[in-house]
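*Asks:* Just passing along the structure, written as C-alpha cells.
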Amino acid sequence: MKTENHKFRKILVCCGTGCLANGSMDVFQALKENLGPDSGIAVETYVKATGCNGWCEQGPLVKIMPDDITYCHVKASDVKEVIEKTIKNGELIKRLLYRDPQSKKRFKSHHEIDFYKKQHKIALRHIGEIDPASIGDYLSCGGYQALQKAVGMQAAEILTQILNSGLRGRGGAGFSTGLKWQSCARQENSPKYVICNGDEGDPGAFMDRSIMEGDPHTVIEGMIICALAIGAEKGFIYVRDEYALAIQNLKQALADARSFGYLGDDIMGRDFFFDIEIIRGGGAFVCGEETALIASIEGNIGEPRDKYVFPTEKGLWGKPTVINNVETWANIPVIILEGAENFASIGTDHSKGTKVFSLVGKVMNTGLVEVPMGTTLREIIYDIGGGILKGRQFKAVQTGGPSGGCIPAELLDLPVDFESLAAAGSMMGSGGLIVMDDRTCMVEVARYYLNFLAGESCGKCVPCREGIRRMLEILTRICEGQGKEGDLELLEELGETLQIASLCALGKTAPNPVLSTIRYFRDEYLAHIREHRCPAGVCRKLTEFYIDPELCNGCGLCKKNCPVNAISGEKKEPHVISQELCIRCGDCINNCPFLAVKVK
Amino acid sequence: MAVDINQIQEKIHVIIYAYPGEKRYILAMMQDLQKICNYLPREGLELIAEHTGVAFSEIYSLATFYKAFSLVPRGKYNIKVCDGTACHIKGSAVIIDQVFNSLGIKPGETTEDGLFSLETVNCLGACAIAPVLMVNEKIYPKVSSSGLLDIIKAYGGHVHENGKS
C-alpha cells in the first residue's frame, strides 16, 4: 500500500506519560538519530515529541503527516523499517496499523477509528498534534489569538461571553464559570488573584495531567484572559507534586510566554501586567478543595474552611480570587475566539460544551476521551471504549472519583451530564470513568474509597475524621467475613450524618461510593454478610478459586504463571488448584483464555 | 540509607536560603530538601524555622501533613505502587502484598539493608497501563505478580522461592 511521496514529513511521537512508560522516548531518540542532518534522506523530516494522544492502550503511538498515518505499539526496533518504507517510499507497514478486534480490518488514519471518530475535542484540541515545549507550535495553530481578541474587548464583554457560553467548572462542582468571574470582577478589594487548580487527585483521572503536559499554553492563555476581565496581576498554577513532566512543560511555557510578551509588563500593548508562578503540591488530596489549596499556597497545612464567604470575595490572603480547574481554563480561549453561541450549541440544556473523561479499568480502549455533554455511558464505554476486556461482563462504571458513585448496567443509557449523574446517585466529578467487570467486588470498592479518604481527611471536623473511620471499620469487617445484621443500616445512617455535617466536600461526598453500591448492589453486600462469600472472587478470606474440568483443556498457562506453584496437572488434562497453597492473587482466573477458572 | 549530615550541611543551607524567609516558601524548601536528602533531616527543618521565623512545631505539622515527605530516610530504590482506582481494580493490592512477601516491608517501611522502601501512591496518572509501579523515576506498566519479582531481582533484591518469605 502506498501513499503519496511527499517532499517533507512531520513525525509526531507521543511522549505522554503512558507512552513514555511503554518506551516511546526510545522510539523518539531512534527517529531523531536516524533522521539527523547526515542521514542522506531526500525527504525533509521533523520529529516532534507530543503530549498524550489519549489512546494509551495502543501506545507508543507515532503519527506521520501529511500522509495521516497512525502507527501503534511502535518499538525502537521498528524505526529503521519505518524510515525505509514509510518515510522514504511512502509505503504503509500493515502490522503497525491499528487492527479492529471485531472486524479484523486495519486502519491507516486515527481519524477513521471509532475511538477518535466519535470524540469532539475542545480542551484536548492540540494535544498529540504539537510539541508542548514549543510556543511556535502553539502559535501556528492559532495560539494567543483569543488573547489578542480579548485585549481589544471590554472586561464586561469578556465576562458576558463566558457567562453566555454556559461553561461550568470541570473540576467537579460544576459551578457557572461566568458567574464566578463576574462575582470576582465586582469586588473592589485588591490585589486580585487567578489560580489554576492542577491538583488532580481523583485516583483514576489524568485529564488535567495531559492538558498541563501536552498543551500548557492553553491554560496560560485562559488565565491571562481572566486576569484581564477581573483586574488581576498575579496568578498561580498549583500542580500536584507527582506530575514532574507537567511542571517541566509549564515552566518552559511560562518562560516562553514571557519572552513573547504574553506575560509581564504591557501585555500586547495594553497597560496590563500579569505573571504566573508555579506552586508544587505536597501530596494531599484535600488540597484539590479550593479553600484548602489556597491555605496551602499561603504556607499553611491544607485545611479547608467553611464557605459562607466564597474565595471570589475573600480568597488568597483574604483577597478576591478566581480559582478554576485545568480543563475549565483550556476551554476559555476557544469560547473567546469562536464565541459563546458556538460553545453553547454543544451539549445539553444545562451542561454545555464537552467533557474530557479518563476511560480506564476493564475496558478495551483505555485512555482519554472528550465527548459532548449528553453522550450516553453506553456510547462511551462500547462505541468508543470497545466494550469489556477479555469478553467478561460489564458490572458497573464508577464516575466522580471518591466523591462519586457506581452506576449499574441498567443505567448504561444515561446521558453524561451534571444533573443526570447526580440523580443516579453519583456525580460528574473531574471525569474519571472506571469501568468494572464481574471480577470487581463492589463492597471492596466501597472499602477502597473509604480507606483512601481516611488517609486524606485533613482531620479538622469530627464527622469526616471520625465518621469515615467508623464506616471503614464496618466495611473492613464485612470484607473479612465478619459482617453483622444491621451493618448496612448503620452505614446508611453514618453516611447521612457525614453528608449533612461535614465541613467540606471531601467529607460530604465520602459516603457516596458506599451508599450507591448499597443502593444498586445490596445482594452482593448480603452475600458477604450472610453467606461469607465474595461473588467476584476478590475478598480473599471469602474466596475460593477452582478450575472447571469441563472447560479446562490443560494448556498449562495458569500453572506456569502461578507465583506460588499452587496449580498442578498434566498437559492436556484438566488442572487443579491446591487450596492450601493458593494465595488468591487471581492471576489464573484473570488470564485463562477459556474462562475455565471460576469463583466458588 | 541516611545521608551524612556534615557533608551536606552547606547544601541544606543553600537550598533553604535560595528562597525568601517567608512562610509561603516552606513547602518548596521542603520539596527541594526531600529531593536532595531523600528525607527531611531534623537539621533541615530547624534551619527552615530559623530562616522563616515560623515555630518549629508548625514546621513539623507541615512536614507530617503532606505525603511527599518522609522524616526517615527512604531506600536507595523507592518503590511506589500506584493504588489509584484503575490500578486497584487491576490488582495493585496483590502487588503490595507480594512486595511484603518478597522483601518483608509494608508501605512506609524500608528494608534493613536500606536498599528498598515501599510507598503506595494515590494515582500516577498512567491509568491506561494499570497496574503501575515506579522505582525511583522509572515507571513500569502492567505489572503482574511474577513481573514484580523480576523487577525486584533486577535491582539486586533477594527474593525467596515461591515468592513467599
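Letters A, B, ... go to the chains of the C-alpha cells in the order shown; residues in each chain start at 1; ligands are counted from 1 in the same order.
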Provide as a list in words the residues of chain A at most 6 Å from chain B, counting only C-alpha atoms.
*Replies:*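 Using only C-alpha atoms, chain A residues at most 6 Å from chain B: Gly18, Ala21, Cys56, Pro203, Gly204, Phe206, Gly282, Gly283, Ala284, Glu298, Gly299, Ile301, Val360, Gly361, Thr366, Gly367, Pro563, Val564 and Cys585 of chain A.
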*Asks:* Could you pull out the helix (DSSP H, G or I) residues of region 307-475 of chain A from DSSP and send them as a ChimeraX atom specification?
*Replies:* /A:316-318,326-338,340-344,377-384,389-391,401-403,409-411,418-423,442-456,462-475
*Asks:* Residues near Ile158 (chain A), anyone? I mean within 9 Å using only C-alpha atoms, not counting same-chain ones fewer than 2 positions away, as a ChimeraX atom specification.
*Replies:* /A:150,153-156,160-163,225-226,228-229,336
*Asks:* DSSP on the backbone: which residues in region 44-81 of chain B end up as strand (DSSP E or B)? Give the answer as number ranges by chain.
*Replies:* B: 77-81
*Asks:* What lies within 10 Å of Tyr60 (chain B) using only C-alpha atoms, ignoring chain neighbours under 3 positions off, as a ChimeraX atom specification?
*Replies:* /B:42,45-46,49,55-57,63-65,71
*Asks:* Store the residues of this selection in a file with N, CA and C atoms, as a PDB file, in the first residue's frame.
*Replies:*
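Output file result-v5.pdb follows:
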ATOM      1  N   ARG B  42      16.174  16.478  60.478  1.00  0.00           N
ATOM      2  CA  ARG B  42      15.743  17.419  61.507  1.00  0.00           C
ATOM      3  C   ARG B  42      16.486  18.752  61.405  1.00  0.00           C
ATOM      4  N   LEU B  45      14.874  20.991  58.958  1.00  0.00           N
ATOM      5  CA  LEU B  45      13.628  21.587  59.443  1.00  0.00           C
ATOM      6  C   LEU B  45      13.921  22.713  60.433  1.00  0.00           C
ATOM      7  N   GLU B  46      14.947  22.523  61.263  1.00  0.00           N
ATOM      8  CA  GLU B  46      15.293  23.572  62.229  1.00  0.00           C
ATOM      9  C   GLU B  46      15.782  24.820  61.506  1.00  0.00           C
ATOM     10  N   ALA B  49      12.868  26.739  60.159  1.00  0.00           N
ATOM     11  CA  ALA B  49      12.216  27.505  61.224  1.00  0.00           C
ATOM     12  C   ALA B  49      12.988  28.792  61.483  1.00  0.00           C
ATOM     13  N   ALA B  55       7.325  28.848  63.912  1.00  0.00           N
ATOM     14  CA  ALA B  55       7.603  27.936  65.024  1.00  0.00           C
ATOM     15  C   ALA B  55       7.913  26.525  64.535  1.00  0.00           C
ATOM     16  N   PHE B  56       8.867  25.856  65.181  1.00  0.00           N
ATOM     17  CA  PHE B  56       9.280  24.513  64.781  1.00  0.00           C
ATOM     18  C   PHE B  56       8.111  23.540  64.789  1.00  0.00           C
ATOM     19  N   SER B  57       7.202  23.711  65.746  1.00  0.00           N
ATOM     20  CA  SER B  57       6.062  22.786  65.815  1.00  0.00           C
ATOM     21  C   SER B  57       5.198  22.904  64.565  1.00  0.00           C
ATOM     22  N   ALA B  63       5.421  19.214  57.712  1.00  0.00           N
ATOM     23  CA  ALA B  63       6.192  18.063  57.224  1.00  0.00           C
ATOM     24  C   ALA B  63       5.407  16.770  57.343  1.00  0.00           C
ATOM     25  N   THR B  64       4.540  16.688  58.342  1.00  0.00           N
ATOM     26  CA  THR B  64       3.787  15.450  58.525  1.00  0.00           C
ATOM     27  C   THR B  64       2.419  15.485  57.843  1.00  0.00           C
ATOM     28  N   PHE B  65       1.971  16.655  57.424  1.00  0.00           N
ATOM     29  CA  PHE B  65       0.683  16.747  56.738  1.00  0.00           C
ATOM     30  C   PHE B  65       0.786  16.243  55.291  1.00  0.00           C
ATOM     31  N   LEU B  71      10.121  11.573  57.173  1.00  0.00           N
ATOM     32  CA  LEU B  71      11.017  12.019  58.232  1.00  0.00           C
ATOM     33  C   LEU B  71      12.115  10.994  58.490  1.00  0.00           C
TER      34      LEU B  71
END
*Asks:* Write out as a PDB file with all heavy atoms, in the first residue's frame which residues come within 10 Å of Ile276 (chain A) when counting only C-alpha atoms, dropping same-chain ones fewer than 2 positions away.
*Replies:*
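Generated output (out_27.pdb):
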ATOM      1  N   TYR A 193      -6.423  37.732  42.524  1.00  0.00           N
ATOM      2  CA  TYR A 193      -5.619  36.594  42.095  1.00  0.00           C
ATOM      3  C   TYR A 193      -6.382  35.654  41.187  1.00  0.00           C
ATOM      4  O   TYR A 193      -7.601  35.508  41.301  1.00  0.00           O
ATOM      5  CB  TYR A 193      -5.127  35.810  43.313  1.00  0.00           C
ATOM      6  CG  TYR A 193      -4.212  36.612  44.202  1.00  0.00           C
ATOM      7  CD1 TYR A 193      -4.675  37.173  45.392  1.00  0.00           C
ATOM      8  CD2 TYR A 193      -2.877  36.838  43.842  1.00  0.00           C
ATOM      9  CE1 TYR A 193      -3.836  37.919  46.208  1.00  0.00           C
ATOM     10  CE2 TYR A 193      -2.040  37.589  44.651  1.00  0.00           C
ATOM     11  CZ  TYR A 193      -2.523  38.132  45.830  1.00  0.00           C
ATOM     12  OH  TYR A 193      -1.700  38.868  46.628  1.00  0.00           O
ATOM     13  N   VAL A 194      -5.619  34.980  40.303  1.00  0.00           N
ATOM     14  CA  VAL A 194      -6.186  33.956  39.426  1.00  0.00           C
ATOM     15  C   VAL A 194      -5.426  32.664  39.705  1.00  0.00           C
ATOM     16  O   VAL A 194      -4.203  32.650  39.703  1.00  0.00           O
ATOM     17  CB  VAL A 194      -5.981  34.339  37.930  1.00  0.00           C
ATOM     18  CG1 VAL A 194      -6.498  33.225  37.029  1.00  0.00           C
ATOM     19  CG2 VAL A 194      -6.675  35.637  37.614  1.00  0.00           C
ATOM     20  N   ILE A 195      -6.149  31.600  39.988  1.00  0.00           N
ATOM     21  CA  ILE A 195      -5.473  30.349  40.323  1.00  0.00           C
ATOM     22  C   ILE A 195      -5.948  29.210  39.420  1.00  0.00           C
ATOM     23  O   ILE A 195      -7.138  29.097  39.112  1.00  0.00           O
ATOM     24  CB  ILE A 195      -5.733  29.952  41.800  1.00  0.00           C
ATOM     25  CG1 ILE A 195      -5.218  31.035  42.756  1.00  0.00           C
ATOM     26  CG2 ILE A 195      -5.046  28.616  42.121  1.00  0.00           C
ATOM     27  CD1 ILE A 195      -5.469  30.721  44.226  1.00  0.00           C
ATOM     28  N   CYS A 196      -4.995  28.380  39.017  1.00  0.00           N
ATOM     29  CA  CYS A 196      -5.353  27.167  38.275  1.00  0.00           C
ATOM     30  C   CYS A 196      -5.191  25.987  39.227  1.00  0.00           C
ATOM     31  O   CYS A 196      -4.106  25.771  39.780  1.00  0.00           O
ATOM     32  CB  CYS A 196      -4.432  26.975  37.073  1.00  0.00           C
ATOM     33  SG  CYS A 196      -4.642  25.365  36.301  1.00  0.00           S
ATOM     34  N   ILE A 220      -2.436  28.780  30.220  1.00  0.00           N
ATOM     35  CA  ILE A 220      -1.866  30.110  30.472  1.00  0.00           C
ATOM     36  C   ILE A 220      -2.703  31.179  29.775  1.00  0.00           C
ATOM     37  O   ILE A 220      -3.056  32.208  30.370  1.00  0.00           O
ATOM     38  CB  ILE A 220      -0.403  30.151  29.991  1.00  0.00           C
ATOM     39  CG1 ILE A 220       0.443  29.186  30.832  1.00  0.00           C
ATOM     40  CG2 ILE A 220       0.167  31.564  30.084  1.00  0.00           C
ATOM     41  CD1 ILE A 220       1.845  28.954  30.299  1.00  0.00           C
ATOM     42  N   MET A 223      -5.887  31.854  31.590  1.00  0.00           N
ATOM     43  CA  MET A 223      -5.699  32.612  32.835  1.00  0.00           C
ATOM     44  C   MET A 223      -5.448  34.093  32.563  1.00  0.00           C
ATOM     45  O   MET A 223      -5.923  34.959  33.306  1.00  0.00           O
ATOM     46  CB  MET A 223      -4.526  32.028  33.638  1.00  0.00           C
ATOM     47  CG  MET A 223      -4.840  30.676  34.248  1.00  0.00           C
ATOM     48  SD  MET A 223      -3.406  29.912  35.032  1.00  0.00           S
ATOM     49  CE  MET A 223      -3.252  30.847  36.537  1.00  0.00           C
ATOM     50  N   ILE A 224      -4.697  34.392  31.498  1.00  0.00           N
ATOM     51  CA  ILE A 224      -4.412  35.797  31.177  1.00  0.00           C
ATOM     52  C   ILE A 224      -5.711  36.515  30.802  1.00  0.00           C
ATOM     53  O   ILE A 224      -5.958  37.650  31.222  1.00  0.00           O
ATOM     54  CB  ILE A 224      -3.393  35.921  30.031  1.00  0.00           C
ATOM     55  CG1 ILE A 224      -2.101  35.159  30.349  1.00  0.00           C
ATOM     56  CG2 ILE A 224      -3.045  37.393  29.781  1.00  0.00           C
ATOM     57  CD1 ILE A 224      -1.137  35.057  29.185  1.00  0.00           C
ATOM     58  N   GLU A 233      -3.326  40.826  38.827  1.00  0.00           N
ATOM     59  CA  GLU A 233      -1.945  40.982  38.371  1.00  0.00           C
ATOM     60  C   GLU A 233      -1.100  39.747  38.618  1.00  0.00           C
ATOM     61  O   GLU A 233       0.000  39.637  38.085  1.00  0.00           O
ATOM     62  CB  GLU A 233      -1.296  42.158  39.110  1.00  0.00           C
ATOM     63  CG  GLU A 233      -1.830  43.503  38.661  1.00  0.00           C
ATOM     64  CD  GLU A 233      -1.055  44.664  39.269  1.00  0.00           C
ATOM     65  OE1 GLU A 233      -0.159  44.431  40.110  1.00  0.00           O
ATOM     66  OE2 GLU A 233      -1.369  45.801  38.890  1.00  0.00           O
ATOM     67  N   LYS A 234      -1.595  38.838  39.461  1.00  0.00           N
ATOM     68  CA  LYS A 234      -0.770  37.683  39.801  1.00  0.00           C
ATOM     69  C   LYS A 234      -1.607  36.421  39.705  1.00  0.00           C
ATOM     70  O   LYS A 234      -2.763  36.385  40.138  1.00  0.00           O
ATOM     71  CB  LYS A 234      -0.224  37.853  41.226  1.00  0.00           C
ATOM     72  CG  LYS A 234       0.734  36.763  41.700  1.00  0.00           C
ATOM     73  CD  LYS A 234       2.076  36.857  41.008  1.00  0.00           C
ATOM     74  CE  LYS A 234       2.930  35.610  41.242  1.00  0.00           C
ATOM     75  NZ  LYS A 234       3.808  35.680  42.377  1.00  0.00           N
ATOM     76  N   GLY A 235      -0.968  35.365  39.144  1.00  0.00           N
ATOM     77  CA  GLY A 235      -1.654  34.080  39.028  1.00  0.00           C
ATOM     78  C   GLY A 235      -0.781  32.964  39.568  1.00  0.00           C
ATOM     79  O   GLY A 235       0.446  33.096  39.657  1.00  0.00           O
ATOM     80  N   PHE A 236      -1.410  31.868  39.948  1.00  0.00           N
ATOM     81  CA  PHE A 236      -0.688  30.697  40.421  1.00  0.00           C
ATOM     82  C   PHE A 236      -1.229  29.455  39.723  1.00  0.00           C
ATOM     83  O   PHE A 236      -2.440  29.326  39.541  1.00  0.00           O
ATOM     84  CB  PHE A 236      -0.875  30.507  41.931  1.00  0.00           C
ATOM     85  CG  PHE A 236      -0.264  31.595  42.759  1.00  0.00           C
ATOM     86  CD1 PHE A 236      -1.001  32.718  43.120  1.00  0.00           C
ATOM     87  CD2 PHE A 236       1.063  31.496  43.174  1.00  0.00           C
ATOM     88  CE1 PHE A 236      -0.427  33.732  43.886  1.00  0.00           C
ATOM     89  CE2 PHE A 236       1.630  32.511  43.955  1.00  0.00           C
ATOM     90  CZ  PHE A 236       0.886  33.620  44.300  1.00  0.00           C
ATOM     91  N   ILE A 237      -0.311  28.566  39.359  1.00  0.00           N
ATOM     92  CA  ILE A 237      -0.754  27.251  38.880  1.00  0.00           C
ATOM     93  C   ILE A 237      -0.275  26.254  39.932  1.00  0.00           C
ATOM     94  O   ILE A 237       0.931  26.095  40.156  1.00  0.00           O
ATOM     95  CB  ILE A 237      -0.155  26.888  37.508  1.00  0.00           C
ATOM     96  CG1 ILE A 237      -0.532  27.944  36.476  1.00  0.00           C
ATOM     97  CG2 ILE A 237      -0.671  25.520  37.060  1.00  0.00           C
ATOM     98  CD1 ILE A 237       0.028  27.689  35.081  1.00  0.00           C
ATOM     99  N   LYS A 251       6.790  25.207  33.141  1.00  0.00           N
ATOM    100  CA  LYS A 251       7.892  26.151  33.386  1.00  0.00           C
ATOM    101  C   LYS A 251       8.409  26.707  32.062  1.00  0.00           C
ATOM    102  O   LYS A 251       8.612  27.913  31.911  1.00  0.00           O
ATOM    103  CB  LYS A 251       9.054  25.458  34.105  1.00  0.00           C
ATOM    104  CG  LYS A 251       8.904  25.339  35.589  1.00  0.00           C
ATOM    105  CD  LYS A 251      10.231  25.003  36.272  1.00  0.00           C
ATOM    106  CE  LYS A 251      10.031  25.026  37.784  1.00  0.00           C
ATOM    107  NZ  LYS A 251      10.792  23.981  38.465  1.00  0.00           N
ATOM    108  N   LEU A 254       5.834  29.070  30.493  1.00  0.00           N
ATOM    109  CA  LEU A 254       5.781  30.389  31.145  1.00  0.00           C
ATOM    110  C   LEU A 254       6.958  31.241  30.698  1.00  0.00           C
ATOM    111  O   LEU A 254       6.800  32.429  30.385  1.00  0.00           O
ATOM    112  CB  LEU A 254       5.784  30.230  32.667  1.00  0.00           C
ATOM    113  CG  LEU A 254       4.485  29.732  33.298  1.00  0.00           C
ATOM    114  CD1 LEU A 254       4.668  29.449  34.783  1.00  0.00           C
ATOM    115  CD2 LEU A 254       3.352  30.740  33.116  1.00  0.00           C
ATOM    116  N   ARG A 258       6.628  34.721  28.552  1.00  0.00           N
ATOM    117  CA  ARG A 258       7.204  36.000  28.996  1.00  0.00           C
ATOM    118  C   ARG A 258       8.048  36.604  27.892  1.00  0.00           C
ATOM    119  O   ARG A 258       7.927  37.792  27.603  1.00  0.00           O
ATOM    120  CB  ARG A 258       8.087  35.793  30.233  1.00  0.00           C
ATOM    121  CG  ARG A 258       7.296  35.716  31.514  1.00  0.00           C
ATOM    122  CD  ARG A 258       8.185  35.584  32.749  1.00  0.00           C
ATOM    123  NE  ARG A 258       7.403  34.900  33.762  1.00  0.00           N
ATOM    124  CZ  ARG A 258       7.680  33.690  34.236  1.00  0.00           C
ATOM    125  NH1 ARG A 258       8.746  33.029  33.824  1.00  0.00           N
ATOM    126  NH2 ARG A 258       6.890  33.137  35.142  1.00  0.00           N
ATOM    127  N   LEU A 263       3.135  37.595  28.933  1.00  0.00           N
ATOM    128  CA  LEU A 263       3.114  37.744  30.385  1.00  0.00           C
ATOM    129  C   LEU A 263       4.103  38.841  30.738  1.00  0.00           C
ATOM    130  O   LEU A 263       5.056  39.079  30.006  1.00  0.00           O
ATOM    131  CB  LEU A 263       3.564  36.437  31.069  1.00  0.00           C
ATOM    132  CG  LEU A 263       2.588  35.282  31.124  1.00  0.00           C
ATOM    133  CD1 LEU A 263       3.291  34.041  31.655  1.00  0.00           C
ATOM    134  CD2 LEU A 263       1.381  35.609  32.013  1.00  0.00           C
ATOM    135  N   GLY A 264       3.876  39.496  31.865  1.00  0.00           N
ATOM    136  CA  GLY A 264       4.797  40.539  32.300  1.00  0.00           C
ATOM    137  C   GLY A 264       4.173  41.913  32.118  1.00  0.00           C
ATOM    138  O   GLY A 264       2.958  42.080  32.272  1.00  0.00           O
ATOM    139  N   PHE A 274       0.604  41.045  34.184  1.00  0.00           N
ATOM    140  CA  PHE A 274       0.157  39.793  34.791  1.00  0.00           C
ATOM    141  C   PHE A 274       1.287  38.790  34.716  1.00  0.00           C
ATOM    142  O   PHE A 274       1.966  38.693  33.693  1.00  0.00           O
ATOM    143  CB  PHE A 274      -1.084  39.261  34.061  1.00  0.00           C
ATOM    144  CG  PHE A 274      -1.647  38.000  34.648  1.00  0.00           C
ATOM    145  CD1 PHE A 274      -2.178  37.988  35.942  1.00  0.00           C
ATOM    146  CD2 PHE A 274      -1.688  36.819  33.915  1.00  0.00           C
ATOM    147  CE1 PHE A 274      -2.709  36.813  36.481  1.00  0.00           C
ATOM    148  CE2 PHE A 274      -2.214  35.646  34.452  1.00  0.00           C
ATOM    149  CZ  PHE A 274      -2.724  35.650  35.734  1.00  0.00           C
ATOM    150  N   ILE A 278       4.408  28.950  39.533  1.00  0.00           N
ATOM    151  CA  ILE A 278       4.010  27.557  39.731  1.00  0.00           C
ATOM    152  C   ILE A 278       4.233  27.173  41.193  1.00  0.00           C
ATOM    153  O   ILE A 278       5.282  27.458  41.769  1.00  0.00           O
ATOM    154  CB  ILE A 278       4.847  26.615  38.846  1.00  0.00           C
ATOM    155  CG1 ILE A 278       4.560  26.915  37.375  1.00  0.00           C
ATOM    156  CG2 ILE A 278       4.529  25.157  39.141  1.00  0.00           C
ATOM    157  CD1 ILE A 278       5.437  26.117  36.428  1.00  0.00           C
ATOM    158  N   ILE A 279       3.241  26.529  41.776  1.00  0.00           N
ATOM    159  CA  ILE A 279       3.375  26.001  43.140  1.00  0.00           C
ATOM    160  C   ILE A 279       3.260  24.482  43.044  1.00  0.00           C
ATOM    161  O   ILE A 279       2.302  23.978  42.436  1.00  0.00           O
ATOM    162  CB  ILE A 279       2.236  26.513  44.055  1.00  0.00           C
ATOM    163  CG1 ILE A 279       2.160  28.034  44.042  1.00  0.00           C
ATOM    164  CG2 ILE A 279       2.388  25.964  45.466  1.00  0.00           C
ATOM    165  CD1 ILE A 279       3.138  28.746  44.934  1.00  0.00           C
TER     166      ILE A 279
END
*Asks:* Leaving out Asp199 (chain A) and any residue of its chain fewer than 6 positions from it, which residues lie within 6 Å of it when counting only C-alpha atoms, given as number ranges by chain?
*Replies:* A: 239-240, 288
*Asks:* Have a look at CA of Leu293 (chain A) and CA of Phe272 (chain A) and let me know their distance in Å, one decimal.
*Replies:*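 CA of Leu293 (chain A) sits 26.6 Å away from CA of Phe272 (chain A).
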*Asks:* Nearest to Ser502 (chain A): which of A:Lys395, A:Arg305, A:Thr440, A:Glu290 is it, counting only C-alpha atoms?
*Replies:*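 With only C-alpha atoms as the atom set, the closest residue is A:Arg305.
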*Asks:* Residues at most 10 Å from His350 (chain A), counting only C-alpha atoms, excluding those fewer than 3 positions away in the same chain, as a list in words?
*Replies:*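 Returned residues: Gly166, Leu167, Arg168, Ala344, Gly347, Gly353, Met373, Gly374, Asp417, Phe418 and Glu419 of chain A.
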*Asks:* Pick out the closest residue to Leu35 (chain A) from this set: A:Val82, A:Val74, A:Cys15, A:Leu453. Count only C-alpha atoms.
*Replies:*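 So, comparing all the options, the nearest one is A:Val82.
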*Asks:* Just to confirm, what's the straight-line distance from CA of Ser70 (chain B) to CA of Tyr39 (chain B) in Å (one decimal)?
*Replies:*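 Result for CA of Ser70 (chain B) versus CA of Tyr39 (chain B): 5.0 Å, one decimal.
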